[in-house]
>>> print(open('entry.cif').read())   # mmCIF, C-alpha atoms
data_structure
loop_
_atom_site.label_atom_id
_atom_site.label_comp_id
_atom_site.auth_asym_id
_atom_site.auth_seq_id
_atom_site.Cartn_x
_atom_site.Cartn_y
_atom_site.Cartn_z
CA MET Q 1 -45.65 -37.54 -63.74
CA GLU Q 2 -42.48 -38.63 -65.48
CA ALA Q 3 -42.54 -35.53 -67.58
CA GLU Q 4 -42.83 -33.33 -64.47
CA VAL Q 5 -39.88 -35.04 -62.72
CA SER Q 6 -37.59 -34.43 -65.62
CA GLU Q 7 -38.52 -30.78 -65.72
CA PRO Q 8 -36.55 -29.37 -62.70
CA PRO Q 9 -33.09 -30.08 -64.14
CA GLN Q 10 -34.13 -28.17 -67.19
CA THR Q 11 -35.14 -25.17 -65.12
CA SER Q 12 -31.90 -25.18 -63.21
CA VAL Q 13 -30.03 -25.15 -66.46
CA THR Q 14 -31.94 -22.13 -67.67
CA LEU Q 15 -31.49 -20.59 -64.23
CA SER Q 16 -27.72 -20.75 -64.30
CA ALA Q 17 -27.73 -19.55 -67.83
CA SER Q 18 -29.70 -16.47 -66.95
CA ALA Q 19 -27.58 -16.00 -63.79
CA THR Q 20 -24.34 -15.64 -65.65
CA THR Q 21 -25.77 -12.81 -67.59
CA GLY Q 22 -27.28 -10.98 -64.62
CA ALA Q 23 -24.51 -11.54 -62.04
CA PRO Q 24 -21.62 -9.19 -62.81
CA GLY Q 25 -23.77 -6.09 -62.45
CA THR Q 26 -25.53 -6.56 -59.13
CA GLY Q 27 -23.28 -9.13 -57.31
CA GLY Q 28 -19.94 -7.32 -57.84
CA ARG Q 29 -20.88 -4.14 -56.01
CA ALA Q 30 -22.76 -5.45 -52.97
CA PRO Q 31 -19.79 -7.15 -51.15
CA TRP Q 32 -17.51 -4.18 -51.81
CA ARG Q 33 -20.09 -1.94 -50.25
CA LEU Q 34 -20.19 -4.29 -47.27
CA LEU Q 35 -16.46 -3.89 -46.63
CA PRO Q 36 -16.55 -0.59 -44.69
CA ILE Q 37 -19.57 -1.79 -42.74
CA LEU Q 38 -17.80 -5.02 -41.86
CA GLY Q 39 -14.73 -3.02 -40.93
CA VAL Q 40 -16.66 -0.78 -38.59
CA VAL Q 41 -18.48 -3.73 -37.03
CA VAL Q 42 -15.22 -5.60 -36.41
CA LEU Q 43 -13.56 -2.44 -35.08
CA LEU Q 44 -16.38 -1.89 -32.63
CA LEU Q 45 -16.55 -5.53 -31.54
CA VAL Q 46 -12.81 -5.96 -31.07
CA GLY Q 47 -12.56 -2.49 -29.55
CA ALA Q 48 -15.27 -3.25 -27.02
CA GLY Q 49 -13.66 -6.60 -26.25
CA ALA Q 50 -10.26 -5.02 -25.71
CA TYR Q 51 -11.83 -2.25 -23.63
CA PHE Q 52 -13.47 -4.68 -21.23
CA ALA Q 53 -10.42 -6.93 -21.18
CA ALA Q 54 -8.28 -3.92 -20.27
CA ARG Q 55 -10.71 -2.91 -17.53
CA SER Q 56 -10.73 -6.35 -16.02
CA TYR Q 57 -6.92 -6.61 -16.27
CA GLN Q 58 -6.50 -3.23 -14.64
CA GLY Q 59 -9.07 -4.15 -12.00
CA SER Q 60 -7.34 -7.40 -11.15
CA ARG Q 61 -3.93 -5.83 -10.52
CA ALA Q 62 -2.78 -4.98 -7.05
CA SER Q 63 -0.11 -2.65 -8.35
CA GLN Q 64 0.12 0.13 -10.87
CA SER Q 65 2.73 1.06 -13.45
CA CYS Q 66 4.78 4.05 -12.40
CA GLY Q 67 7.80 5.47 -14.17
CA GLY Q 68 9.14 2.18 -15.51
CA THR Q 69 8.37 0.08 -12.45
CA ASN Q 70 5.37 -0.88 -10.33
CA CYS Q 71 3.88 0.90 -7.37
CA ILE Q 72 1.12 0.73 -4.80
CA PRO Q 73 -1.92 1.79 -6.85
CA ARG Q 74 -3.27 5.32 -6.57
CA LEU Q 75 -1.71 6.17 -3.23
CA GLU Q 76 0.65 9.11 -3.57
CA ALA Q 77 3.73 9.18 -1.35
CA ALA Q 78 2.94 12.78 -0.42
CA THR Q 79 -0.39 11.66 1.07
CA VAL Q 80 1.32 9.11 3.29
CA VAL Q 81 3.98 11.62 4.33
CA LYS Q 82 1.23 14.08 5.28
CA VAL Q 83 -0.53 11.48 7.44
CA LEU Q 84 2.74 10.67 9.22
CA GLU Q 85 3.59 14.33 9.77
CA ASP Q 86 0.14 14.92 11.23
CA ARG Q 87 0.87 12.05 13.58
CA GLY Q 88 4.03 13.72 14.85
CA PHE Q 89 6.67 12.17 12.59
CA THR Q 90 9.49 14.29 11.20
CA CYS Q 91 9.93 13.79 7.47
CA ARG Q 92 12.66 14.69 5.04
CA GLU Q 93 12.96 14.48 1.27
CA ASP Q 94 16.04 13.10 -0.45
CA PHE Q 95 15.86 12.60 -4.24
CA VAL Q 96 13.51 9.61 -4.65
CA HIS Q 97 13.20 8.88 -0.93
CA ARG Q 98 10.86 10.26 1.69
CA THR Q 99 11.98 9.31 5.16
CA CYS Q 100 9.92 9.89 8.27
CA ASP Q 101 10.87 9.09 11.83
CA LEU Q 102 9.57 9.39 15.34
CA ARG Q 103 11.29 8.63 18.63
CA ILE Q 104 9.34 7.63 21.67
CA GLY Q 105 11.73 7.17 24.53
CA PHE Q 106 14.58 5.06 23.24
CA VAL Q 107 12.46 3.44 20.54
CA ARG Q 108 12.75 4.87 17.07
CA PHE Q 109 10.26 4.27 14.25
CA GLU Q 110 11.45 5.00 10.76
CA ALA Q 111 9.63 4.71 7.45
CA SER Q 112 11.49 5.22 4.20
CA LEU Q 113 9.44 5.39 1.00
CA GLN Q 114 11.01 5.04 -2.43
CA VAL Q 115 8.97 7.15 -4.80
CA SER Q 116 8.46 6.68 -8.52
CA ASP Q 117 6.20 8.98 -10.47
CA GLU Q 118 4.65 10.29 -7.20
CA LEU Q 119 3.65 6.76 -6.18
CA ILE Q 120 5.32 4.37 -3.73
CA HIS Q 121 7.51 1.64 -5.20
CA ARG Q 122 9.18 0.38 -2.05
CA MET Q 123 8.85 0.89 1.71
CA ILE Q 124 11.41 0.12 4.38
CA LEU Q 125 10.09 0.16 7.93
CA THR Q 126 12.55 0.04 10.77
CA ILE Q 127 12.03 -0.20 14.50
CA PHE Q 128 15.07 0.42 16.66
CA ARG Q 129 14.16 -0.54 20.16
CA ALA Q 130 15.77 -0.51 23.56
CA GLU Q 131 17.80 -3.65 24.18
CA SER Q 132 16.01 -6.69 22.76
CA ASP Q 133 12.59 -5.92 24.17
CA PRO Q 134 9.72 -7.53 22.32
CA VAL Q 135 8.12 -5.37 19.64
CA THR Q 136 5.29 -3.54 21.37
CA GLU Q 137 1.68 -3.08 20.30
CA SER Q 138 2.52 0.28 18.77
CA GLY Q 139 5.42 -1.34 16.94
CA MET Q 140 3.08 -3.93 15.46
CA ALA Q 141 0.54 -1.24 14.56
CA PHE Q 142 3.35 0.62 12.81
CA LEU Q 143 4.43 -2.42 10.76
CA ASN Q 144 0.89 -3.52 9.98
CA TRP Q 145 -0.25 -0.16 8.69
CA PHE Q 146 2.40 -0.18 6.00
CA ALA Q 147 2.23 -3.93 5.38
CA THR Q 148 -1.49 -3.85 4.58
CA MET Q 149 -1.31 -0.62 2.59
CA PRO Q 150 -1.15 -2.35 -0.84
CA TYR Q 151 -4.27 -4.35 0.05
CA ALA Q 152 -6.15 -1.76 2.05
CA ARG Q 153 -9.43 -2.61 0.33
CA ASP Q 154 -9.06 -6.33 0.80
CA PRO Q 155 -9.75 -7.22 4.46
CA GLU Q 156 -9.08 -10.91 3.90
CA THR Q 157 -5.61 -10.43 2.44
CA SER Q 158 -4.89 -7.72 5.01
CA ALA Q 159 -5.69 -10.14 7.82
CA GLN Q 160 -3.38 -12.75 6.29
CA ILE Q 161 -0.59 -10.20 5.99
CA GLU Q 162 -1.00 -9.12 9.62
CA ALA Q 163 -0.86 -12.75 10.72
CA TRP Q 164 2.28 -13.28 8.66
CA VAL Q 165 3.98 -10.19 10.10
CA ALA Q 166 3.10 -11.20 13.67
CA GLU Q 167 4.43 -14.70 13.10
CA GLN Q 168 7.74 -13.47 11.68
CA VAL Q 169 8.25 -10.77 14.31
CA ASN Q 170 7.50 -13.12 17.19
CA GLY Q 171 9.66 -15.83 15.65
CA ASN Q 172 12.49 -13.31 15.30
CA LYS Q 173 13.12 -14.82 11.87
CA ASP Q 174 14.62 -13.48 8.68
CA THR Q 175 12.03 -14.28 6.04
CA ARG Q 176 10.82 -13.38 2.62
CA ALA Q 177 7.38 -13.84 1.09
CA ILE Q 178 5.71 -12.99 -2.16
CA ILE Q 179 2.21 -11.75 -1.41
CA GLY Q 180 0.32 -10.98 -4.61
CA ASP Q 181 2.25 -8.37 -6.57
CA TYR Q 182 4.58 -7.59 -3.68
CA GLU Q 183 7.69 -8.91 -2.05
CA TYR Q 184 7.80 -8.78 1.74
CA ARG Q 185 11.09 -9.24 3.54
CA LEU Q 186 11.47 -9.15 7.31
CA THR Q 187 14.90 -9.09 8.88
CA ASN Q 188 16.43 -8.69 12.31
CA PRO Q 189 19.95 -7.52 11.52
CA GLU Q 190 20.62 -6.78 15.18
CA THR Q 191 18.84 -7.79 18.33
CA HIS Q 192 17.40 -4.32 18.77
CA THR Q 193 16.38 -3.73 15.14
CA VAL Q 194 13.49 -5.02 13.07
CA ILE Q 195 13.30 -4.15 9.38
CA LEU Q 196 10.34 -4.84 7.12
CA MET Q 197 10.79 -4.19 3.42
CA ILE Q 198 7.81 -4.13 1.07
CA LYS Q 199 8.39 -3.77 -2.66
CA ALA Q 200 6.12 -3.91 -5.68
CA ASN Q 201 7.49 -6.54 -8.05
CA ASP Q 202 8.47 -5.47 -11.54
CA MET J 203 -59.76 -21.07 -58.37
CA SER J 204 -60.42 -22.54 -61.76
CA SER J 205 -57.86 -20.28 -63.42
CA GLN J 206 -55.26 -20.97 -60.70
CA LEU J 207 -55.51 -24.71 -61.09
CA PRO J 208 -54.20 -24.71 -64.62
CA GLY J 209 -51.74 -22.03 -63.73
CA GLN J 210 -50.42 -24.14 -60.87
CA HIS J 211 -49.50 -26.80 -63.29
CA TYR J 212 -47.69 -24.52 -65.70
CA SER J 213 -46.36 -21.84 -63.41
CA PRO J 214 -43.56 -23.83 -61.60
CA VAL J 215 -41.38 -23.38 -64.57
CA PRO J 216 -41.62 -19.65 -65.35
CA PRO J 217 -41.47 -18.33 -61.67
CA ASP J 218 -38.40 -20.42 -60.96
CA VAL J 219 -36.70 -19.06 -63.98
CA ALA J 220 -37.58 -15.49 -63.18
CA GLY J 221 -36.99 -15.60 -59.41
CA PRO J 222 -33.45 -16.95 -58.84
CA PRO J 223 -31.46 -14.51 -60.95
CA GLY J 224 -31.42 -11.95 -58.09
CA PRO J 225 -30.33 -13.86 -54.99
CA GLY J 226 -28.64 -16.76 -56.69
CA VAL J 227 -26.42 -14.61 -58.84
CA PRO J 228 -23.11 -14.04 -57.04
CA PRO J 229 -21.87 -17.56 -56.33
CA PRO J 230 -22.03 -19.12 -59.72
CA GLY J 231 -21.59 -16.23 -62.07
CA GLY J 232 -19.74 -13.36 -60.29
CA THR J 233 -17.19 -15.50 -58.51
CA PRO J 234 -14.13 -15.55 -60.72
CA PRO J 235 -13.82 -11.82 -61.44
CA ALA J 236 -14.95 -10.48 -57.99
CA ARG J 237 -13.04 -12.76 -55.54
CA SER J 238 -9.64 -12.08 -56.95
CA GLY J 239 -9.58 -8.62 -55.37
CA PHE J 240 -12.29 -8.94 -52.81
CA LEU J 241 -10.84 -11.60 -50.54
CA PRO J 242 -7.55 -9.81 -49.79
CA ALA J 243 -9.46 -6.60 -49.34
CA LEU J 244 -11.81 -8.31 -46.92
CA ILE J 245 -8.97 -9.84 -44.90
CA GLY J 246 -7.07 -6.57 -44.94
CA THR J 247 -10.06 -4.65 -43.74
CA LEU J 248 -10.84 -7.11 -40.98
CA VAL J 249 -7.26 -7.25 -39.71
CA ALA J 250 -6.86 -3.48 -39.81
CA ALA J 251 -10.20 -2.95 -38.09
CA ALA J 252 -9.41 -5.56 -35.42
CA LEU J 253 -5.97 -4.08 -34.75
CA LEU J 254 -7.20 -0.52 -34.59
CA GLY J 255 -10.20 -1.49 -32.46
CA GLY J 256 -8.01 -3.54 -30.15
CA ILE J 257 -5.47 -0.77 -29.65
CA ILE J 258 -8.08 1.92 -29.09
CA GLY J 259 -10.18 -0.29 -26.83
CA TRP J 260 -7.19 -1.37 -24.71
CA THR J 261 -5.81 2.13 -24.39
CA VAL J 262 -9.15 3.62 -23.43
CA GLY J 263 -9.82 0.71 -21.08
CA THR J 264 -6.52 1.00 -19.21
CA THR J 265 -6.47 4.77 -19.01
CA THR J 266 -10.05 5.19 -17.87
CA THR J 267 -9.95 2.39 -15.31
CA GLU J 268 -8.20 3.00 -12.05
CA PRO J 269 -6.54 -0.06 -10.55
CA PRO J 270 -8.05 -1.18 -7.27
CA GLY J 271 -6.59 0.75 -4.43
CA ASN J 272 -7.25 3.92 -2.60
CA ASP J 273 -5.89 7.41 -2.85
CA THR J 274 -6.07 7.66 0.92
CA PRO J 275 -4.14 5.34 3.23
CA PRO J 276 -5.94 3.15 5.76
CA GLU J 277 -6.94 4.61 9.11
CA LEU J 278 -4.19 4.69 11.69
CA ALA J 279 -4.77 2.32 14.58
CA ALA J 280 -4.99 3.93 18.02
CA GLU J 281 -1.71 2.22 18.98
CA PHE J 282 0.15 3.60 15.95
CA PRO J 283 3.14 5.62 17.22
CA SER J 284 2.10 9.16 17.86
CA GLY J 285 4.03 12.36 18.44
CA ASP J 286 2.03 13.22 21.52
CA ARG J 287 3.44 10.12 23.19
CA GLN J 288 7.06 11.22 22.96
CA TYR J 289 6.70 13.08 26.25
CA LEU J 290 6.24 11.79 29.78
CA PRO J 291 2.51 12.15 30.51
CA GLY J 292 1.77 15.01 32.87
CA VAL J 293 5.38 15.55 33.88
CA THR J 294 6.66 19.14 33.89
CA LEU J 295 10.02 20.73 34.53
CA ASP J 296 8.44 22.47 37.49
CA LEU J 297 7.40 19.16 39.03
CA VAL J 298 10.81 17.51 38.70
CA VAL J 299 13.27 20.35 39.11
CA ASP J 300 11.51 22.81 41.36
CA ASP J 301 9.17 20.74 43.49
CA TRP J 302 11.26 17.61 43.90
CA LEU J 303 14.92 18.61 43.59
CA LYS J 304 15.17 22.28 44.50
CA LYS J 305 12.46 22.78 47.11
CA ALA J 306 12.47 19.36 48.77
CA ASN J 307 16.19 18.62 48.51
CA SER J 308 17.89 21.96 47.84
CA TRP J 309 19.78 20.65 44.82
CA GLN J 310 21.60 22.98 42.41
CA CYS J 311 20.64 22.87 38.75
CA THR J 312 22.16 23.94 35.45
CA ASP J 313 20.18 24.35 32.25
CA GLU J 314 21.65 24.48 28.76
CA PRO J 315 20.86 23.76 25.09
CA ALA J 316 21.19 20.10 24.19
CA ASP J 317 23.82 18.71 21.84
CA PRO J 318 22.21 19.01 18.37
CA ASP J 319 22.82 15.32 17.69
CA ASN J 320 21.36 14.02 20.93
CA TYR J 321 19.58 10.70 20.56
CA LEU J 322 16.16 11.77 21.76
CA GLY J 323 16.27 14.94 19.68
CA VAL J 324 15.54 17.29 22.60
CA LYS J 325 16.17 21.01 22.70
CA ARG J 326 17.39 21.48 26.26
CA VAL J 327 18.98 19.62 29.15
CA THR J 328 18.79 20.35 32.84
CA GLU J 329 21.11 18.66 35.30
CA CYS J 330 20.74 18.84 39.05
CA SER J 331 23.05 17.72 41.80
CA PRO J 332 23.20 18.17 45.57
CA ASP J 333 26.90 19.04 45.60
CA GLU J 334 30.01 19.73 43.55
CA ASP J 335 31.25 16.16 43.12
CA ARG J 336 28.07 15.17 41.30
CA GLU J 337 28.05 11.65 42.67
CA MET J 338 24.29 11.96 42.57
CA LEU J 339 22.82 13.52 39.50
CA VAL J 340 19.42 13.93 37.89
CA ARG J 341 19.26 14.74 34.20
CA VAL J 342 16.13 16.03 32.46
CA GLU J 343 15.95 16.15 28.65
CA TYR J 344 13.07 18.24 27.31
CA ASP J 345 11.64 20.38 24.53
CA ALA J 346 9.50 22.66 26.67
CA GLU J 347 8.38 23.08 30.26
CA ASP J 348 5.64 20.48 29.80
CA LYS J 349 7.38 18.40 27.12
CA ILE J 350 9.78 16.14 29.00
CA LYS J 351 11.36 13.21 27.18
CA LEU J 352 13.70 11.81 29.79
CA VAL J 353 14.27 11.94 33.51
CA GLU J 354 17.31 9.97 34.59
CA SER J 355 19.14 9.58 37.87
CA THR J 356 22.74 8.50 38.25
CA CYS J 357 24.20 7.52 41.58
CA ARG J 358 27.88 6.71 41.67
CA ARG J 359 28.07 5.35 45.14
CA SER J 360 28.76 1.75 45.96
CA LEU J 361 26.08 -0.85 45.34
CA LYS J 362 23.05 -1.09 47.56
CA THR J 363 23.57 2.16 49.38
CA THR J 364 20.34 3.51 50.72
CA ALA J 365 20.95 6.86 49.05
CA CYS J 366 21.03 5.37 45.57
CA THR J 367 17.95 3.25 46.11
CA THR J 368 16.12 6.21 47.58
CA LEU J 369 17.08 8.43 44.65
CA ALA J 370 15.80 5.87 42.12
CA ALA J 371 12.58 5.37 44.08
CA ALA J 372 12.02 9.12 44.41
CA LEU J 373 12.52 9.56 40.67
CA ALA J 374 10.00 6.85 39.82
CA GLN J 375 7.53 8.28 42.32
CA THR J 376 7.91 11.79 40.92
CA VAL J 377 7.41 10.94 37.24
CA LEU J 378 4.33 8.82 38.00
CA SER J 379 2.81 11.30 40.51
CA PRO J 380 0.66 13.05 37.84
CA GLN J 381 -1.11 9.72 37.29
CA GLY J 382 -2.46 9.18 40.77
CA LYS J 383 -1.42 7.62 44.03
CA LYS J 384 -1.82 3.99 42.96
CA LEU J 385 0.58 4.15 40.01
CA ARG J 386 2.91 6.44 41.93
CA ASP J 387 3.24 3.95 44.76
CA GLN J 388 3.58 1.04 42.35
CA ALA J 389 6.45 2.82 40.57
CA GLU J 390 8.13 3.74 43.84
CA LYS J 391 7.95 0.14 45.04
CA TRP J 392 9.25 -1.27 41.75
CA ALA J 393 12.20 1.17 41.67
CA ARG J 394 13.12 0.43 45.27
CA GLU J 395 13.22 -3.29 44.55
CA ASN J 396 15.04 -3.04 41.21
CA ALA J 397 17.47 -0.17 41.71
CA ASP J 398 20.35 -2.63 41.87
CA SER J 399 19.48 -4.39 38.64
CA GLU J 400 19.32 -3.90 34.91
CA ARG J 401 15.62 -4.61 34.69
CA GLY J 402 12.93 -2.50 33.13
CA THR J 403 9.16 -2.18 33.38
CA VAL J 404 6.29 -0.12 32.05
CA ILE J 405 3.93 1.59 34.48
CA GLY J 406 1.21 3.98 33.34
CA GLY J 407 2.76 4.52 29.90
CA VAL J 408 6.15 5.28 31.47
CA ARG J 409 9.09 3.03 30.91
CA LEU J 410 11.38 2.65 33.92
CA GLN J 411 14.75 1.16 33.14
CA ALA J 412 17.39 0.39 35.75
CA ASN J 413 20.97 0.25 34.63
CA LEU J 414 24.35 -0.36 36.21
CA GLN J 415 26.59 0.91 33.41
CA SER J 416 27.91 3.97 35.23
CA GLY J 417 26.80 3.57 38.78
CA HIS J 418 23.12 3.15 39.58
CA GLU J 419 20.95 4.59 36.86
CA MET J 420 17.20 4.83 36.69
CA ALA J 421 15.75 6.26 33.48
CA ALA J 422 12.12 7.24 32.92
CA THR J 423 11.02 7.64 29.30
CA PRO J 424 7.64 7.40 27.60
CA ALA J 425 6.81 3.79 26.71
CA ALA J 426 6.57 3.19 22.97
#
>>> encode(input="entry.cif", output="structure tokens")
Amino acid sequence: MEAEVSEPPQTSVTLSASATTGAPGTGGRAPWRLLPILGVVVLLLVGAGAYFAARSYQGSRASQSCGGTNCIPRLEAATVVKVLEDRGFTCREDFVHRTCDLRIGFVRFEASLQVSDELIHRMILTIFRAESDPVTESGMAFLNWFATMPYARDPETSAQIEAWVAEQVNGNKDTRAIIGDYEYRLTNPETHTVILMIKAND
Amino acid sequence: MSSQLPGQHYSPVPPDVAGPPGPGVPPPGGTPPARSGFLPALIGTLVAAALLGGIIGWTVGTTTTEPPGNDTPPELAAEFPSGDRQYLPGVTLDLVVDDWLKKANSWQCTDEPADPDNYLGVKRVTECSPDEDREMLVRVEYDAEDKIKLVESTCRRSLKTTACTTLAAALAQTVLSPQGKKLRDQAEKWARENADSERGTVIGGVRLQANLQSGHEMAATPAA
């Protein structure tokens, strides 16, 4: 038994001795050959990670890059102008602005869109009304349509925005709010004018 | 079995010696010469691959994914301002000018193109009056025979004269007459009671606004 116990160290000595002779040939090439494989594996892994990260980042945004600033995602200004024209508004084009207006009696509705790279960066909605009459149902529908446009696919946020607009209009207040990626500013510069500005933050 | 038993006793040594050289080789023997160039190469490769993969993945991810949103705007609510509501419902030039003013009251009318900058953006204006002094006047602003934007009466006689009240009431009655007797009578009653005021109301989608700025005025426009 004692002889057997002392044997293993001896074998390990012979083992390392034989290893030094055999190593340089086989062991030197294998890791080098692994390099390109490792490279490809890392490229694919990191690539896939970045791809999904980018998708989720893009999917979580409520705005979209457009010509150096941010805009309402995917909705082209021309599409909105078309909808307004079909509704009876008269629209005109002036450099980066598309301005549409409609007069019903002595009330005038005006929507001015600031365009960047075909998309909408900023909207200014104005209602000029007779005297200081309360803003009517159609006035609220006008403001709400634009106000909820950036969040058209999010009923919950849309409902909150409509509630906010109603509160500010009824309170006749000058207020400003940041809602998601957008700045909302409601002002009453004169008793007969209500202006709502909606702008995608940079 | 009998040959394995002795072999079992002796074999531990030779197999161990023969086996390890393959797998056990790199760490002890190949280390010093191989690592010197391999480690930087490995790091370089990994960093380059990660960078390239990251850039490609991010670019492809952002360009192929559309942000949430819609390429069509939300539906317009029924109340959203509409071009077909810029005209008084059912009211025609014939109804106001011919039936009411000319036939029933023998008023004289003039018709001309509107000032291009007029507030309501109409094409033409008709004004009717019973006599030369134009103390009583009805003005109609319109785009076409059946596209009337404004009917307004002005009466420059002293306050509370029956003529002025009657003119305002007749105007309200006329512009609401296409919408039935009930609304017509309601409008007539309201105008009679408010002709001497600066009050306004909405009846049947028509806004009636009394004014005292230049005599007694009663204006009928579509309600927004």
>>> closest_residue(input="entry.cif", among="Q:Ser116, Q:Gln160, Q:Ser60, Q:Asn70", to="chain J", atoms="all atoms listed in the file")
Q:Ser60
>>> closest_residue(input="entry.cif", among="Q:Cys100, Q:Leu119, Q:Ala141, Q:Ala159", to="chain J", atoms="all atoms listed in the file")
Q:Ala141
>>> residues_around(input="entry.cif", residues="J:Ala422", least_positions_apart="3", cutoff="8 Å", atoms="only C-alpha atoms", output="PyMOL selection string")
chain J and resi 352-354+374+377+408-411
>>> resolve_selection(input="entry.cif", expression="the PyMOL selection byres ((chain Q and resi 124) around 8)", output="VMD selection string")
chain Q and resid 111 to 113 122 to 123 125 to 126 195 to 198
>>> atom_distance(input="entry.cif", atom1="atom CA of Q:Ala48", atom2="atom CA of J:Trp260")
8.6 Å
>>> resolve_selection(input="entry.cif", expression="the PyMOL selection byres ((chain J and resi 243-249) around 9)", output="list in words")
Trp32, Leu35, Pro36, Leu38, Gly39, Val40, Val42 and Leu43 of chain Q; Gly239, Phe240, Leu241, Pro242, Ala250, Ala251, Ala252, Leu253 and Leu254 of chain J
>>> resolve_selection(input="entry.cif", expression="the PyMOL selection byres ((chain Q and resi 146) around 12)", output="compact mmCIF listing (two decimals) with C-alpha atoms, in the coordinates of the input")
# COMPACT_ATOMS: atom_id res chain seq x y z
CA ILE Q 72 1.12 0.73 -4.80
CA LEU Q 75 -1.71 6.17 -3.23
CA ALA Q 77 3.73 9.18 -1.35
CA VAL Q 80 1.32 9.11 3.29
CA LEU Q 84 2.74 10.67 9.22
CA GLU Q 110 11.45 5.00 10.76
CA ALA Q 111 9.63 4.71 7.45
CA SER Q 112 11.49 5.22 4.20
CA LEU Q 113 9.44 5.39 1.00
CA ILE Q 120 5.32 4.37 -3.73
CA ARG Q 122 9.18 0.38 -2.05
CA MET Q 123 8.85 0.89 1.71
CA ILE Q 124 11.41 0.12 4.38
CA LEU Q 125 10.09 0.16 7.93
CA THR Q 126 12.55 0.04 10.77
CA GLY Q 139 5.42 -1.34 16.94
CA MET Q 140 3.08 -3.93 15.46
CA ALA Q 141 0.54 -1.24 14.56
CA PHE Q 142 3.35 0.62 12.81
CA LEU Q 143 4.43 -2.42 10.76
CA ASN Q 144 0.89 -3.52 9.98
CA TRP Q 145 -0.25 -0.16 8.69
CA ALA Q 147 2.23 -3.93 5.38
CA THR Q 148 -1.49 -3.85 4.58
CA MET Q 149 -1.31 -0.62 2.59
CA PRO Q 150 -1.15 -2.35 -0.84
CA TYR Q 151 -4.27 -4.35 0.05
CA ALA Q 152 -6.15 -1.76 2.05
CA SER Q 158 -4.89 -7.72 5.01
CA ILE Q 161 -0.59 -10.20 5.99
CA GLU Q 162 -1.00 -9.12 9.62
CA VAL Q 165 3.98 -10.19 10.10
CA TYR Q 184 7.80 -8.78 1.74
CA LEU Q 196 10.34 -4.84 7.12
CA MET Q 197 10.79 -4.19 3.42
CA ILE Q 198 7.81 -4.13 1.07
CA LYS Q 199 8.39 -3.77 -2.66
CA PRO J 275 -4.14 5.34 3.23
CA PRO J 276 -5.94 3.15 5.76
CA GLU J 277 -6.94 4.61 9.11
CA LEU J 278 -4.19 4.69 11.69
CA ALA J 279 -4.77 2.32 14.58
CA PHE J 282 0.15 3.60 15.95
>>> residues_around(input="entry.cif", residues="stretch 314-320 of chain J", least_positions_apart="5", cutoff="9 Å", atoms="all atoms listed in the file", output="PyMOL selection string")
chain J and resi 325-329+343-344
>>> atom_distance(input="entry.cif", atom1="atom CA of Q:Ala200", atom2="atom CA of Q:Cys66")
10.5 Å
>>> atom_distance(input="entry.cif", atom1="atom CA of J:Ala397", atom2="atom CA of Q:Asn170")
29.5 Å
>>> closest_residue(input="entry.cif", among="Q:Thr136, Q:Thr99, Q:Thr193, Q:Ser63", to="Q:Gly180", atoms="only C-alpha atoms")
Q:Ser63
>>> closest_residue(input="entry.cif", among="Q:Asn188, Q:Ala163, Q:Tyr51, Q:Cys91", to="Q:Thr175", atoms="all atoms listed in the file")
Q:Asn188
